[in-house]
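Peer 1: Got a structure for you, written out below as structure tokens; questions coming shortly.
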Amino acid sequence: MNIKKINSSFSVSDQLCAADVHSLVASGFTTIICNRPDGEDKQPVFSEILESASDQGIKLHYLPVTQESLSVSDVRAFKDICDNAPGPVLAYCRSGQRSMTLWSLARIAEGISVDDCVAAATVAGFDFNEFKTKNAANIKLLTAPSPMQPGMSKGIDAGAHETSFQVVIVGAGASGVSVASSLLARDKYLRIALIDPAETHYYQPGFTMVGGGIFKSEQNKRSMATLIPQGVTWIQAAAERFEPDNNALVLSDGSRIHYKRMIVCPGIKLNWSAIEGLTESLGKNGVTSNYRADLAPYTWELVQNLKQGVAVFTQPPMPIKCAGAPQKALYLSADHWLQQHVLQDIQIKFFNAGAVLFGVKDYVPALQSYMDKYKAELNFMHRLVKVDGDKKTAWFEKTDANGMTTQIKQAFDMIHVCPPQSAPDFIRNSPLADAAGWVDVDPVTLQHKRYSNIWGLGDATNTPNAKTAAAVRKQVPVVAANIINDIKGLPQEYQYDGYGSCPLTVERGKIVLAEFAYGGKLAPSLPNWVLNGTHATSLAWHMKKSMLPPLYWHGMLKGHELLVKPVRKIA
């Protein structure tokens, strides 16, 4: 170990070993930065030094770079670590050259001249003859004025602004905002970009409650700008194309964003146009859907005004976002009609493209009892194919036991439609997709099966779990912890068990709280004597109505992992 003291608060050295940590602590160093990737040579791996540092109470950061890959993001992360260290910092790589380069670029970002930085490095014994040439692009970015502020970027001009980050997150829905917060809770120095063009963030589990007259629309939305975690760069543009072999992402404005690691969580595509006539019928003539924030109030308007006639509710083929939502709309509507003493004059018809009422059989008896209570007609293996709002008629394709199909026509006074769903087009047409078009990830670690520096989250992945906010809440800490492990050179040891939850609002004041993991295994959060999810309970209603929204806004999105701390895989 050859330590070169640059000033009273910063030094550099060549490769360390675990045994060196004790003498560094004795010398007063409080922070070590590793700038050398594991596997360059037969050097000690980062995890060995990390274990020694943890035992001796010194902070160790893993910020591996090469001269070719070194980016402005690395410089700013390096600077943040140094600026916030409680005492002297030592950075190391193979010879100390890369660490000195990062230090010099960080000084240039502060306004120190390039020539002064080269002179200081030369005095310390480093060969900086080619420093200006090799780092010209980064020096330009570090010294150019930029309007971009952390958390408030409107987009990136590839020629003028930083285009490289340690972690890039595609999508600022429940998954994206939450995982950004969870990552920062683990390492506040990470340089993260969150990519999403949306101005407004929605609490989607509340849409059904609006359609049932329980919530107001305003309760379910916030300005996106107020939710982006402090220190995260929000790039307000749409992702258009992935270039995973180049660790790059192309945006709709042509900008190219580079990353060391990427999380893909853009949500799911609601394919309204897959049903003939639906797009032009929505929002009028009794055609509605709680799957759109602007239409959920219309659902409640229709429910209140319907005194007699035919009410149709549809469910498309799986997978869909929140498989219970089509039924929730039915139950809440029917309960209102029952309370208003008009249910006997309304025919309720449920058309399900699937073969069963609910995919986990333990919850079917309770749900069936409510279908019976509301005298709802159940039609399985019926897929909606066409809607004519003017004629108030819907057409379904019915599949029999032999696979033969026939088309049937159904008149309605009100129809609540759940649209077919798929991964977004830019996912389906990308190298990240599996044969069915979903982000192809390991179902346990959520790491991409082919690209080890990419992870998937939420509705766009091919994990065989329910696509719900509760599933996201469990997945986020797993991805955050596994990415931190990856940065430290440790294995993907945290696991997602497939947990999902669907609070089925069977009446105003009661919910069947379905909680299950991979394989349909029941996974209750509370003991049966507290809450038996296979029965309708008022406690589950209280949780859904009063507890879950604040938990979402003030807990999950802020990186607080109450009851969802990640679990290591069992070897």
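Residues are named by chain letter and number: chains run A, B, ... in the order of the structure tokens, numbers start at 1 in each chain, and ligands are numbered from 1 in the order shown.
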Tell me which protein, DNA and RNA residues are within 7 Å of range 173-189 of chain A, counting only C-alpha atoms, leaving out same-chain ones fewer than 6 positions away, and put them as a list in words.
Peer 2: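 Close residues of range 173-189 of chain A: Ala77, Asp80, Ile81, His201, Ile228, Pro229, Cys265, Leu457, Gly458, Val472, Val476, Pro477, Ala480, Met556, Leu557, Lys558 and Gly559 of chain A.
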Peer 1: Pick out each residue of range 287-399 of chain A that DSSP on the backbone tags as helix (DSSP H, G or I); I need them as a ChimeraX atom specification.
Peer 2: /A:296-305,325-339,343-345,361-373
Peer 1: Restrict the selected residues to C-alpha atoms and save them as a CSV table (one decimal), in the first residue's frame.
Peer 2:
```
chain,number,residue,atom,x,y,z
A,296,ALA,CA,-64.0,6.5,-12.7
A,297,PRO,CA,-66.3,9.4,-11.7
A,298,TYR,CA,-68.5,8.5,-14.7
A,299,THR,CA,-68.8,5.0,-13.3
A,300,TRP,CA,-70.2,6.4,-10.1
A,301,GLU,CA,-72.5,8.7,-12.1
A,302,LEU,CA,-73.9,5.8,-14.0
A,303,VAL,CA,-74.4,3.7,-10.9
A,304,GLN,CA,-76.3,6.4,-9.1
A,305,ASN,CA,-78.6,7.1,-12.1
A,325,ALA,CA,-60.8,-4.9,-10.1
A,326,PRO,CA,-63.5,-5.9,-12.7
A,327,GLN,CA,-65.3,-7.7,-9.8
A,328,LYS,CA,-64.8,-4.8,-7.4
A,329,ALA,CA,-66.7,-2.5,-9.8
A,330,LEU,CA,-69.5,-5.0,-9.9
A,331,TYR,CA,-69.7,-5.5,-6.1
A,332,LEU,CA,-69.7,-1.8,-5.2
A,333,SER,CA,-72.3,-1.0,-7.8
A,334,ALA,CA,-74.5,-3.9,-6.7
A,335,ASP,CA,-74.2,-2.9,-3.1
A,336,HIS,CA,-75.4,0.6,-3.9
A,337,TRP,CA,-78.3,-0.7,-5.9
A,338,LEU,CA,-79.2,-3.0,-3.0
A,339,GLN,CA,-79.1,-0.1,-0.5
A,343,LEU,CA,-81.4,-4.2,-7.2
A,344,GLN,CA,-84.4,-6.3,-8.0
A,345,ASP,CA,-85.0,-4.2,-11.1
A,361,LYS,CA,-59.5,-21.1,-5.1
A,362,ASP,CA,-59.5,-20.4,-1.3
A,363,TYR,CA,-61.2,-17.0,-1.9
A,364,VAL,CA,-63.8,-18.2,-4.4
A,365,PRO,CA,-66.5,-19.3,-1.8
A,366,ALA,CA,-66.7,-15.9,-0.2
A,367,LEU,CA,-66.8,-14.1,-3.6
A,368,GLN,CA,-69.4,-16.5,-5.0
A,369,SER,CA,-71.6,-15.9,-2.0
A,370,TYR,CA,-71.6,-12.2,-2.9
A,371,MET,CA,-72.3,-13.0,-6.6
A,372,ASP,CA,-75.3,-15.0,-5.3
A,373,LYS,CA,-76.4,-12.2,-2.9
```
Peer 1: Would you mind listing what lies within 10 Å of Asn482 in chain A as a list in words, with only C-alpha atoms counted and same-chain residues fewer than 2 positions away left out?
Peer 2: Leu183, Thr445, Leu446, Gln447, Trp455, Val476, Pro477, Val478, Val479, Ala480, Ile484, Asn485, Asp486, Ile487, Lys488, Leu490, Pro491, Gln492, Glu493, Tyr494, Gln495, Pro566 and Arg568 of chain A
Peer 1: As a PyMOL selection string, please: all residues of range 210-251 of chain A that backbone DSSP puts in strand (DSSP E).
Peer 2: chain A and resi 221-223+233-235+239-243+248-251
Peer 1: Residues within 7 Å of Asp497 in chain A, please, as a ChimeraX atom specification. Count only C-alpha atoms; anything in the same chain fewer than 4 positions from it doesn't count.
Peer 2: /A:444,517-518
Peer 1: Using C-alpha atoms, can you export the residues from the last selection as a compact mmCIF listing (two decimals), in the first residue's frame?
Peer 2:
```txt
# COMPACT_ATOMS: atom_id res chain seq x y z
CA VAL A 444 -36.89 -14.49 -7.45
CA ALA A 517 -47.61 -15.84 -3.27
CA TYR A 518 -46.22 -17.91 -6.14
```
Peer 1: Can you work out the spacing between CA of Asn129 in chain A and CA of Asp116 in chain A in Å, to one decimal?
Peer 2: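 If I compute the distance from CA of Asn129 in chain A to CA of Asp116 in chain A, I get 12.9 Å.
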